[in-house]
Amino acid sequence: MREQARDLDRGGRGDERGLDRMGDKDNVGFRTRGRRRGCSFCSDDAEPIDYKDPQGLRYFVTERGKIVPRRISGVCAKHQRSVQLAIKRARTIALLPFTTND
């Protein structure tokens, strides 16, 4: 009787199934952390960041017009600042839109 009460306190996941308190690690709730990719601009043969190239900057802007963060785009902090500045300059001279027409 007391063992059943303990299992209910754990959310019904007792040790009889061999699971820990969070459940099986193959569940969808767990994220796997892969290896971080390096900055694409830090390599020697990379194209320079230019505000006059809107097609190159579209990768760093979402469909809604927001600038993609570093953790998503995978660039280093130094190059993220220059990408951000290039996007803002391209928006000012109307090469990139500020927002969408939704």
# chains A, B, ... in the order shown; residues from 1 in each chain; ligands from 1
call {"tool": "residues_around", "arguments": {"residues": "A:Leu85", "least_positions_apart": "6", "cutoff": "10 Å", "atoms": "only C-alpha atoms", "output": "JSON, numbers by chain"}}
result
{"A": [49, 50, 51, 79, 91]}
call {"tool": "residues_around", "arguments": {"residues": "A:Ile72", "least_positions_apart": "2", "cutoff": "12 Å", "atoms": "only C-alpha atoms", "output": "ChimeraX atom specification"}}
result
/A:36-39,59-62,67-70,74-76,80
call {"tool": "closest_residue", "arguments": {"among": "A:Pro54, A:Ala86, A:Ser40, A:Ala46", "to": "A:Ser73", "atoms": "only C-alpha atoms"}}
result
A:Ser40
call {"tool": "atom_distance", "arguments": {"atom1": "atom CA of A:Gly65", "atom2": "atom CA of A:Ser82"}}
result
17.2 Å
call {"tool": "closest_residue", "arguments": {"among": "A:Ile87, A:Arg81, A:Asp53, A:Cys42", "to": "A:Lys66", "atoms": "only C-alpha atoms"}}
result
A:Ile87
